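File shown here: query_12.txt, holding compact mmCIF, N, CA and C atoms.
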```txt
# COMPACT_ATOMS: atom_id res chain seq x y z
N MET A 122 22.83 17.05 5.18
CA MET A 122 21.44 16.71 5.40
C MET A 122 21.39 15.61 6.45
N ASP A 123 20.86 15.93 7.64
CA ASP A 123 20.86 14.91 8.68
C ASP A 123 19.66 15.00 9.61
N THR A 124 18.65 15.73 9.23
CA THR A 124 17.48 15.81 10.10
C THR A 124 16.31 15.06 9.47
N PHE A 125 15.40 14.72 10.31
CA PHE A 125 14.20 14.00 9.90
C PHE A 125 13.49 14.75 8.78
N THR A 126 13.32 16.05 8.96
CA THR A 126 12.62 16.88 7.96
C THR A 126 13.37 16.90 6.63
N ASP A 127 14.68 16.98 6.69
CA ASP A 127 15.49 16.97 5.46
C ASP A 127 15.33 15.64 4.72
N TYR A 128 15.35 14.54 5.46
CA TYR A 128 15.20 13.23 4.83
C TYR A 128 13.83 13.09 4.17
N LEU A 129 12.79 13.57 4.85
CA LEU A 129 11.45 13.51 4.26
C LEU A 129 11.37 14.37 3.01
N ALA A 130 11.96 15.56 3.04
CA ALA A 130 11.95 16.42 1.85
C ALA A 130 12.68 15.74 0.69
N GLU A 131 13.80 15.12 0.98
CA GLU A 131 14.56 14.40 -0.05
C GLU A 131 13.74 13.23 -0.60
N ALA A 132 13.09 12.49 0.28
CA ALA A 132 12.28 11.34 -0.14
C ALA A 132 11.10 11.78 -1.00
N ARG A 133 10.43 12.84 -0.58
CA ARG A 133 9.28 13.34 -1.33
C ARG A 133 9.68 13.83 -2.72
N ASP A 134 10.78 14.55 -2.78
CA ASP A 134 11.27 15.06 -4.06
C ASP A 134 11.62 13.90 -4.99
N ALA A 135 12.33 12.92 -4.49
CA ALA A 135 12.69 11.76 -5.31
C ALA A 135 11.44 10.99 -5.73
N HIS A 136 10.47 10.90 -4.85
CA HIS A 136 9.22 10.19 -5.17
C HIS A 136 8.47 10.89 -6.31
N ARG A 137 8.43 12.21 -6.26
CA ARG A 137 7.77 12.98 -7.34
C ARG A 137 8.45 12.74 -8.69
N ARG A 138 9.76 12.49 -8.65
CA ARG A 138 10.51 12.23 -9.89
C ARG A 138 10.51 10.75 -10.27
N SER A 139 9.82 9.95 -9.49
CA SER A 139 9.79 8.48 -9.70
C SER A 139 11.18 7.87 -9.57
N ASP A 140 12.01 8.47 -8.76
CA ASP A 140 13.34 7.92 -8.46
C ASP A 140 13.17 7.07 -7.20
N TRP A 141 12.72 5.84 -7.43
CA TRP A 141 12.33 4.96 -6.32
C TRP A 141 13.50 4.64 -5.40
N ARG A 142 14.69 4.45 -5.96
CA ARG A 142 15.85 4.13 -5.11
C ARG A 142 16.17 5.27 -4.15
N ALA A 143 16.24 6.48 -4.68
CA ALA A 143 16.55 7.63 -3.84
C ALA A 143 15.42 7.88 -2.83
N SER A 144 14.19 7.74 -3.28
CA SER A 144 13.05 7.94 -2.39
C SER A 144 13.09 6.92 -1.25
N TYR A 145 13.26 5.67 -1.61
CA TYR A 145 13.29 4.60 -0.61
C TYR A 145 14.43 4.83 0.39
N ALA A 146 15.63 5.15 -0.12
CA ALA A 146 16.78 5.36 0.77
C ALA A 146 16.52 6.49 1.76
N ALA A 147 15.94 7.58 1.29
CA ALA A 147 15.66 8.71 2.18
C ALA A 147 14.56 8.36 3.18
N PHE A 148 13.54 7.62 2.74
CA PHE A 148 12.50 7.19 3.68
C PHE A 148 13.06 6.26 4.75
N VAL A 149 13.97 5.38 4.38
CA VAL A 149 14.61 4.48 5.35
C VAL A 149 15.31 5.32 6.43
N ARG A 150 16.07 6.34 5.99
CA ARG A 150 16.77 7.20 6.95
C ARG A 150 15.78 7.94 7.85
N ALA A 151 14.70 8.46 7.27
CA ALA A 151 13.70 9.18 8.06
C ALA A 151 13.00 8.24 9.04
N ASP A 152 12.67 7.05 8.58
CA ASP A 152 11.96 6.09 9.43
C ASP A 152 12.79 5.70 10.65
N ALA A 153 14.10 5.71 10.50
CA ALA A 153 14.98 5.38 11.62
C ALA A 153 14.97 6.46 12.70
N LEU A 154 14.54 7.68 12.33
CA LEU A 154 14.56 8.79 13.28
C LEU A 154 13.24 9.04 13.99
N GLY A 155 12.14 8.55 13.41
CA GLY A 155 10.87 8.78 14.07
C GLY A 155 9.70 8.49 13.16
N PRO A 156 8.49 8.55 13.72
CA PRO A 156 7.29 8.28 12.91
C PRO A 156 7.05 9.38 11.89
N MET A 157 6.77 8.95 10.67
CA MET A 157 6.54 9.92 9.60
C MET A 157 5.04 10.08 9.35
N PRO A 158 4.64 11.15 8.68
CA PRO A 158 3.23 11.33 8.35
C PRO A 158 2.71 10.17 7.51
N THR A 159 1.43 9.93 7.59
CA THR A 159 0.80 8.79 6.93
C THR A 159 1.02 8.81 5.42
N ASP A 160 0.90 9.96 4.78
CA ASP A 160 1.12 10.03 3.33
C ASP A 160 2.54 9.60 2.96
N ASP A 161 3.51 9.98 3.79
CA ASP A 161 4.89 9.57 3.54
C ASP A 161 5.07 8.07 3.76
N LEU A 162 4.43 7.55 4.78
CA LEU A 162 4.50 6.11 5.03
C LEU A 162 3.93 5.34 3.84
N ASP A 163 2.85 5.84 3.27
CA ASP A 163 2.25 5.22 2.09
C ASP A 163 3.19 5.30 0.89
N ALA A 164 3.82 6.44 0.69
CA ALA A 164 4.77 6.60 -0.42
C ALA A 164 5.98 5.70 -0.21
N TYR A 165 6.44 5.57 1.02
CA TYR A 165 7.55 4.68 1.37
C TYR A 165 7.20 3.24 0.98
N SER A 166 5.98 2.83 1.29
CA SER A 166 5.52 1.49 0.92
C SER A 166 5.54 1.31 -0.59
N GLY A 167 5.07 2.31 -1.31
CA GLY A 167 5.05 2.23 -2.77
C GLY A 167 6.45 2.14 -3.36
N ALA A 168 7.38 2.89 -2.82
CA ALA A 168 8.77 2.83 -3.30
C ALA A 168 9.36 1.46 -3.02
N ALA A 169 9.10 0.92 -1.84
CA ALA A 169 9.60 -0.41 -1.50
C ALA A 169 9.05 -1.46 -2.46
N TRP A 170 7.75 -1.36 -2.78
CA TRP A 170 7.13 -2.32 -3.71
C TRP A 170 7.78 -2.25 -5.08
N ARG A 171 7.97 -1.04 -5.56
CA ARG A 171 8.54 -0.85 -6.90
C ARG A 171 9.98 -1.35 -7.00
N LEU A 172 10.67 -1.40 -5.87
CA LEU A 172 12.05 -1.90 -5.86
C LEU A 172 12.12 -3.40 -5.60
N GLY A 173 10.96 -4.03 -5.42
CA GLY A 173 10.95 -5.48 -5.21
C GLY A 173 11.06 -5.91 -3.75
N HIS A 174 10.96 -4.95 -2.84
CA HIS A 174 10.99 -5.27 -1.40
C HIS A 174 9.55 -5.56 -0.95
N ARG A 175 9.00 -6.63 -1.48
CA ARG A 175 7.56 -6.88 -1.31
C ARG A 175 7.15 -7.10 0.14
N GLY A 176 7.91 -7.88 0.89
CA GLY A 176 7.56 -8.11 2.29
C GLY A 176 7.55 -6.82 3.09
N GLU A 177 8.58 -6.01 2.87
CA GLU A 177 8.65 -4.73 3.57
C GLU A 177 7.53 -3.80 3.11
N ALA A 178 7.24 -3.79 1.82
CA ALA A 178 6.16 -2.95 1.30
C ALA A 178 4.84 -3.30 1.96
N VAL A 179 4.57 -4.57 2.11
CA VAL A 179 3.33 -5.01 2.75
C VAL A 179 3.30 -4.57 4.21
N ARG A 180 4.41 -4.75 4.91
CA ARG A 180 4.45 -4.32 6.33
C ARG A 180 4.21 -2.81 6.45
N LEU A 181 4.80 -2.04 5.54
CA LEU A 181 4.60 -0.58 5.57
C LEU A 181 3.16 -0.22 5.24
N ALA A 182 2.57 -0.90 4.27
CA ALA A 182 1.16 -0.65 3.92
C ALA A 182 0.25 -1.01 5.09
N GLU A 183 0.59 -2.07 5.81
CA GLU A 183 -0.21 -2.45 6.98
C GLU A 183 -0.10 -1.38 8.07
N ARG A 184 1.08 -0.79 8.23
CA ARG A 184 1.22 0.32 9.18
C ARG A 184 0.36 1.51 8.73
N THR A 185 0.35 1.77 7.43
CA THR A 185 -0.47 2.85 6.88
C THR A 185 -1.94 2.58 7.18
N TYR A 186 -2.39 1.36 6.91
CA TYR A 186 -3.78 0.98 7.16
C TYR A 186 -4.13 1.20 8.64
N ASP A 187 -3.25 0.76 9.54
CA ASP A 187 -3.52 0.90 10.98
C ASP A 187 -3.77 2.35 11.36
N ARG A 188 -3.06 3.27 10.74
CA ARG A 188 -3.28 4.69 11.02
C ARG A 188 -4.59 5.19 10.41
N LEU A 189 -4.81 4.83 9.15
CA LEU A 189 -5.97 5.35 8.43
C LEU A 189 -7.30 4.82 8.95
N VAL A 190 -7.32 3.60 9.41
CA VAL A 190 -8.59 3.01 9.82
C VAL A 190 -9.25 3.81 10.94
N ARG A 191 -8.45 4.53 11.71
CA ARG A 191 -8.98 5.33 12.81
C ARG A 191 -9.43 6.72 12.38
N THR A 192 -8.88 7.21 11.26
CA THR A 192 -9.12 8.60 10.91
C THR A 192 -9.72 8.81 9.52
N ASP A 193 -9.53 7.86 8.62
CA ASP A 193 -9.93 8.03 7.23
C ASP A 193 -10.40 6.69 6.65
N PRO A 194 -11.66 6.32 6.90
CA PRO A 194 -12.14 5.02 6.43
C PRO A 194 -12.00 4.81 4.93
N ALA A 195 -12.23 5.85 4.12
CA ALA A 195 -12.09 5.70 2.67
C ALA A 195 -10.63 5.44 2.29
N GLY A 196 -9.72 6.16 2.92
CA GLY A 196 -8.29 5.92 2.68
C GLY A 196 -7.87 4.54 3.16
N ALA A 197 -8.41 4.12 4.30
CA ALA A 197 -8.10 2.78 4.82
C ALA A 197 -8.64 1.71 3.88
N ALA A 198 -9.82 1.95 3.30
CA ALA A 198 -10.39 0.99 2.35
C ALA A 198 -9.49 0.85 1.13
N MET A 199 -8.97 1.97 0.62
CA MET A 199 -8.08 1.91 -0.53
C MET A 199 -6.79 1.17 -0.18
N THR A 200 -6.25 1.46 0.99
CA THR A 200 -5.03 0.77 1.42
C THR A 200 -5.30 -0.73 1.59
N ALA A 201 -6.46 -1.08 2.12
CA ALA A 201 -6.81 -2.50 2.27
C ALA A 201 -6.94 -3.17 0.91
N ALA A 202 -7.50 -2.46 -0.07
CA ALA A 202 -7.60 -3.02 -1.43
C ALA A 202 -6.21 -3.24 -2.03
N VAL A 203 -5.32 -2.28 -1.84
CA VAL A 203 -3.95 -2.42 -2.33
C VAL A 203 -3.27 -3.60 -1.63
N LEU A 204 -3.49 -3.72 -0.34
CA LEU A 204 -2.93 -4.86 0.39
C LEU A 204 -3.49 -6.18 -0.14
N GLY A 205 -4.77 -6.18 -0.50
CA GLY A 205 -5.35 -7.37 -1.11
C GLY A 205 -4.63 -7.74 -2.40
N LEU A 206 -4.33 -6.74 -3.20
CA LEU A 206 -3.60 -6.97 -4.45
C LEU A 206 -2.17 -7.44 -4.18
N GLU A 207 -1.52 -6.82 -3.20
CA GLU A 207 -0.14 -7.19 -2.90
C GLU A 207 -0.05 -8.62 -2.36
N TRP A 208 -0.97 -8.98 -1.47
CA TRP A 208 -0.96 -10.34 -0.94
C TRP A 208 -1.29 -11.34 -2.05
N HIS A 209 -2.20 -10.98 -2.94
CA HIS A 209 -2.53 -11.87 -4.06
C HIS A 209 -1.31 -12.07 -4.95
N ALA A 210 -0.59 -10.98 -5.23
CA ALA A 210 0.60 -11.07 -6.07
C ALA A 210 1.67 -11.96 -5.43
N ARG A 211 1.66 -12.04 -4.12
CA ARG A 211 2.62 -12.88 -3.40
C ARG A 211 2.12 -14.32 -3.27
N GLY A 212 0.92 -14.59 -3.80
CA GLY A 212 0.40 -15.95 -3.80
C GLY A 212 -0.37 -16.35 -2.55
N HIS A 213 -0.75 -15.38 -1.74
CA HIS A 213 -1.47 -15.66 -0.49
C HIS A 213 -2.94 -15.26 -0.66
N VAL A 214 -3.69 -16.12 -1.30
CA VAL A 214 -5.07 -15.80 -1.66
C VAL A 214 -5.96 -15.61 -0.43
N ALA A 215 -5.78 -16.42 0.60
CA ALA A 215 -6.63 -16.29 1.80
C ALA A 215 -6.39 -14.94 2.49
N VAL A 216 -5.14 -14.53 2.62
CA VAL A 216 -4.84 -13.24 3.24
C VAL A 216 -5.35 -12.11 2.36
N SER A 217 -5.21 -12.29 1.05
CA SER A 217 -5.73 -11.31 0.10
C SER A 217 -7.24 -11.13 0.30
N ARG A 218 -7.94 -12.23 0.45
CA ARG A 218 -9.40 -12.17 0.64
C ARG A 218 -9.75 -11.42 1.93
N GLN A 219 -8.96 -11.62 2.99
CA GLN A 219 -9.23 -10.92 4.25
C GLN A 219 -9.11 -9.40 4.06
N TRP A 220 -8.08 -8.97 3.34
CA TRP A 220 -7.92 -7.53 3.10
C TRP A 220 -9.03 -7.00 2.21
N THR A 221 -9.43 -7.80 1.23
CA THR A 221 -10.52 -7.40 0.35
C THR A 221 -11.81 -7.22 1.15
N ASP A 222 -12.07 -8.16 2.05
CA ASP A 222 -13.27 -8.07 2.89
C ASP A 222 -13.22 -6.84 3.80
N ARG A 223 -12.04 -6.53 4.32
CA ARG A 223 -11.90 -5.31 5.14
C ARG A 223 -12.23 -4.07 4.33
N ALA A 224 -11.70 -4.03 3.11
CA ALA A 224 -11.96 -2.87 2.24
C ALA A 224 -13.46 -2.73 1.99
N ARG A 225 -14.11 -3.82 1.66
CA ARG A 225 -15.56 -3.77 1.41
C ARG A 225 -16.32 -3.31 2.65
N GLY A 226 -15.92 -3.81 3.81
CA GLY A 226 -16.57 -3.41 5.05
C GLY A 226 -16.43 -1.92 5.32
N LEU A 227 -15.26 -1.38 5.04
CA LEU A 227 -15.03 0.05 5.26
C LEU A 227 -15.79 0.91 4.26
N LEU A 228 -15.98 0.39 3.06
CA LEU A 228 -16.71 1.16 2.05
C LEU A 228 -18.19 1.26 2.36
N GLY A 229 -18.72 0.20 2.98
CA GLY A 229 -20.14 0.22 3.33
C GLY A 229 -21.00 0.68 2.18
N GLY A 230 -21.78 1.70 2.37
CA GLY A 230 -22.66 2.23 1.34
C GLY A 230 -22.07 3.43 0.64
N ALA A 231 -20.75 3.56 0.65
CA ALA A 231 -20.10 4.72 0.03
C ALA A 231 -20.35 4.73 -1.48
N PRO A 232 -20.37 5.92 -2.07
CA PRO A 232 -20.53 6.01 -3.53
C PRO A 232 -19.39 5.27 -4.24
N VAL A 233 -19.67 4.85 -5.46
CA VAL A 233 -18.67 4.13 -6.25
C VAL A 233 -17.43 5.01 -6.42
N SER A 234 -16.27 4.39 -6.21
CA SER A 234 -15.00 5.12 -6.28
C SER A 234 -13.95 4.23 -6.93
N GLY A 235 -12.75 4.76 -7.02
CA GLY A 235 -11.64 3.99 -7.56
C GLY A 235 -11.36 2.73 -6.76
N THR A 236 -11.62 2.79 -5.46
CA THR A 236 -11.41 1.61 -4.62
C THR A 236 -12.30 0.47 -5.08
N HIS A 237 -13.52 0.78 -5.48
CA HIS A 237 -14.42 -0.26 -6.00
C HIS A 237 -13.81 -0.91 -7.25
N GLY A 238 -13.15 -0.12 -8.07
CA GLY A 238 -12.49 -0.65 -9.25
C GLY A 238 -11.37 -1.62 -8.90
N TYR A 239 -10.58 -1.26 -7.88
CA TYR A 239 -9.52 -2.16 -7.42
C TYR A 239 -10.13 -3.48 -6.93
N LEU A 240 -11.23 -3.37 -6.21
CA LEU A 240 -11.86 -4.59 -5.68
C LEU A 240 -12.44 -5.44 -6.81
N ALA A 241 -13.02 -4.82 -7.83
CA ALA A 241 -13.53 -5.58 -8.97
C ALA A 241 -12.39 -6.29 -9.69
N TYR A 242 -11.28 -5.58 -9.86
CA TYR A 242 -10.11 -6.19 -10.49
C TYR A 242 -9.62 -7.38 -9.66
N LEU A 243 -9.55 -7.20 -8.36
CA LEU A 243 -9.10 -8.27 -7.48
C LEU A 243 -10.04 -9.47 -7.54
N ASP A 244 -11.34 -9.21 -7.59
CA ASP A 244 -12.31 -10.30 -7.75
C ASP A 244 -12.07 -11.05 -9.06
N ALA A 245 -11.78 -10.30 -10.12
CA ALA A 245 -11.57 -10.92 -11.43
C ALA A 245 -10.30 -11.78 -11.45
N VAL A 246 -9.20 -11.26 -10.91
CA VAL A 246 -7.96 -12.06 -10.95
C VAL A 246 -8.05 -13.27 -10.02
N THR A 247 -8.79 -13.14 -8.93
CA THR A 247 -8.99 -14.27 -8.03
C THR A 247 -9.82 -15.34 -8.72
N ALA A 248 -10.88 -14.94 -9.39
CA ALA A 248 -11.73 -15.89 -10.12
C ALA A 248 -10.95 -16.54 -11.25
N LEU A 249 -10.16 -15.77 -11.95
CA LEU A 249 -9.36 -16.29 -13.05
C LEU A 249 -8.36 -17.33 -12.54
N ALA A 250 -7.68 -17.01 -11.43
CA ALA A 250 -6.71 -17.94 -10.85
C ALA A 250 -7.37 -19.23 -10.39
N ALA A 251 -8.62 -19.12 -9.94
CA ALA A 251 -9.35 -20.30 -9.46
C ALA A 251 -10.04 -21.05 -10.60
N GLY A 252 -10.03 -20.48 -11.81
CA GLY A 252 -10.71 -21.10 -12.93
C GLY A 252 -12.23 -21.06 -12.79
N ASP A 253 -12.72 -20.05 -12.08
CA ASP A 253 -14.15 -19.91 -11.82
C ASP A 253 -14.75 -18.94 -12.84
N SER A 254 -15.25 -19.48 -13.96
CA SER A 254 -15.76 -18.62 -15.02
C SER A 254 -17.01 -17.85 -14.62
N THR A 255 -17.84 -18.42 -13.75
CA THR A 255 -19.05 -17.73 -13.31
C THR A 255 -18.66 -16.50 -12.48
N ALA A 256 -17.74 -16.67 -11.53
CA ALA A 256 -17.30 -15.53 -10.72
C ALA A 256 -16.56 -14.50 -11.58
N LEU A 257 -15.79 -14.98 -12.55
CA LEU A 257 -15.08 -14.07 -13.44
C LEU A 257 -16.05 -13.22 -14.24
N THR A 258 -17.11 -13.84 -14.75
CA THR A 258 -18.13 -13.10 -15.50
C THR A 258 -18.78 -12.06 -14.60
N GLY A 259 -19.08 -12.45 -13.37
CA GLY A 259 -19.70 -11.52 -12.44
C GLY A 259 -18.79 -10.34 -12.09
N ALA A 260 -17.50 -10.63 -11.92
CA ALA A 260 -16.54 -9.58 -11.60
C ALA A 260 -16.33 -8.64 -12.78
N ALA A 261 -16.37 -9.20 -13.97
CA ALA A 261 -16.15 -8.38 -15.16
C ALA A 261 -17.33 -7.47 -15.38
```

Please go through the file and, once you have read it, give me the structure as C-alpha cells.
Amino acid sequence: MDTFTDYLAEARDAHRRSDWRASYAAFVRADALGPMPTDDLDAYSGAAWRLGHRGEAVRLAERTYDRLVRTDPAGAAMTAAVLGLEWHARGHVAVSRQWTDRARGLLGGAPVSGTHGYLAYLDAVTALAAGDSTALTGAA
C-alpha cells in the first residue's frame, strides 16, 4: 500500500472502526502526498484530537474551516464552533470567543441546528469558567 488513495482508504476504514491510531497514521501518510478531501481533513483532525495531538488537531481544523468557508457556510460554522471548543479546552478563551463569533456570523438567520447547541454549550462553559451566573443562566 503506497498510494494516496490507498492511504485514504486505510484511514477511512480505521476511522469508521474508531481506531484512532491507525486512522491518524494513514492520514499522516496521505497528507504527505497531497491535499486530501475536506471530509478526510476533518476526520484527520478528529483523530489527532482523540490521540491528544491538540495543537495539530486545531491546525487541521483551521485548514478544514478555510476550505469550508468558501463552499459550505453551515459546515464552516460547525467547524468554527468545534474550534471554539478546542481553543477553550486549551485555555485560550479569547481565541475561543473569536471562533464562536465566526460561527454565529456564518449561521446568520439559519434555522436552529446542532451547531447552535455547540454554541450554547460553549457559552455555558465560558460563563461557568468566568463565574458569571447571569450569563450561565442565559446560556442554559

*Residue neighbourhood range 222-239 of chain A, 6.5 Å, all atoms listed in the file, exclusion window fewer than 4 positions, as a list in words*: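 Neighbouring residues, sequence-local ones excluded: Pro194, Ala195, Ala197, Ala198, Met199, Ala201, Ala202, Ser217, Arg218, Leu243 and Asp244 of chain A.
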
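For Arg184 in chain A, the residues within 10 Å (counting only C-alpha atoms, excluding itself and residues fewer than 2 positions away along the chain) are Thr159, Leu162, Asp163, Ser166, Ala178, Val179, Arg180, Leu181, Ala182, Tyr186, Asp187, Arg188, Leu189 and Thr200 of chain A.
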
_d(atom N of Ala251 in chain A, atom N of Arg211 in chain A) in Å_ =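 Answer for the atom N of Ala251 in chain A to atom N of Arg211 in chain A separation: 13.8 Å.
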
*Work out how far apart atom N of Gly155 in chain A and atom N of Gly196 in chain A are and give it in Å to one decimal.*
24.4 Å

*Polymer residues at most 10 Å from range 136-145 of chain A, only C-alpha atoms, same-chain spacing of 3 or more positions, as a PyMOL selection string*: chain A and resi 128-133+148-151+161+164-172

_Counting all atoms listed in the file, the residue of A:Gly205, A:Gly252, A:Pro158, A:Gly259 that sits nearest Thr221 in chain A_ =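 Going through A:Gly205, A:Gly252, A:Pro158, A:Gly259 one by one, the smallest distance to Thr221 in chain A is for A:Gly205.
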
Since the input lacks atoms, please generate N, CA, C and O atoms for range 230-243 of chain A and provide them as a short mmCIF file (atom, residue, chain, number, x, y, z; two decimals), in the frame of the given file.
```cif
data_model
loop_
_atom_site.label_atom_id
_atom_site.label_comp_id
_atom_site.auth_asym_id
_atom_site.auth_seq_id
_atom_site.Cartn_x
_atom_site.Cartn_y
_atom_site.Cartn_z
N GLY A 230 -21.78 1.70 2.37
CA GLY A 230 -22.66 2.23 1.34
C GLY A 230 -22.07 3.43 0.64
O GLY A 230 -22.81 4.26 0.09
N ALA A 231 -20.75 3.56 0.65
CA ALA A 231 -20.10 4.72 0.03
C ALA A 231 -20.35 4.73 -1.48
O ALA A 231 -20.52 3.69 -2.10
N PRO A 232 -20.37 5.92 -2.07
CA PRO A 232 -20.53 6.01 -3.53
C PRO A 232 -19.39 5.27 -4.24
O PRO A 232 -18.30 5.13 -3.70
N VAL A 233 -19.67 4.85 -5.46
CA VAL A 233 -18.67 4.13 -6.25
C VAL A 233 -17.43 5.01 -6.42
O VAL A 233 -17.53 6.21 -6.70
N SER A 234 -16.27 4.39 -6.21
CA SER A 234 -15.00 5.12 -6.28
C SER A 234 -13.95 4.23 -6.93
O SER A 234 -14.21 3.09 -7.29
N GLY A 235 -12.75 4.76 -7.02
CA GLY A 235 -11.64 3.99 -7.56
C GLY A 235 -11.36 2.73 -6.76
O GLY A 235 -10.92 1.72 -7.30
N THR A 236 -11.62 2.79 -5.46
CA THR A 236 -11.41 1.61 -4.62
C THR A 236 -12.30 0.47 -5.08
O THR A 236 -11.87 -0.69 -5.10
N HIS A 237 -13.52 0.78 -5.48
CA HIS A 237 -14.42 -0.26 -6.00
C HIS A 237 -13.81 -0.91 -7.25
O HIS A 237 -13.95 -2.11 -7.45
N GLY A 238 -13.15 -0.12 -8.07
CA GLY A 238 -12.49 -0.65 -9.25
C GLY A 238 -11.37 -1.62 -8.90
O GLY A 238 -11.23 -2.68 -9.51
N TYR A 239 -10.58 -1.26 -7.88
CA TYR A 239 -9.52 -2.16 -7.42
C TYR A 239 -10.13 -3.48 -6.93
O TYR A 239 -9.60 -4.56 -7.21
N LEU A 240 -11.23 -3.37 -6.21
CA LEU A 240 -11.86 -4.59 -5.68
C LEU A 240 -12.44 -5.44 -6.81
O LEU A 240 -12.34 -6.68 -6.76
N ALA A 241 -13.02 -4.82 -7.83
CA ALA A 241 -13.53 -5.58 -8.97
C ALA A 241 -12.39 -6.29 -9.69
O ALA A 241 -12.51 -7.46 -10.08
N TYR A 242 -11.28 -5.58 -9.86
CA TYR A 242 -10.11 -6.19 -10.49
C TYR A 242 -9.62 -7.38 -9.66
O TYR A 242 -9.33 -8.45 -10.20
N LEU A 243 -9.55 -7.20 -8.36
CA LEU A 243 -9.10 -8.27 -7.48
C LEU A 243 -10.04 -9.47 -7.54
O LEU A 243 -9.60 -10.63 -7.58
#
```
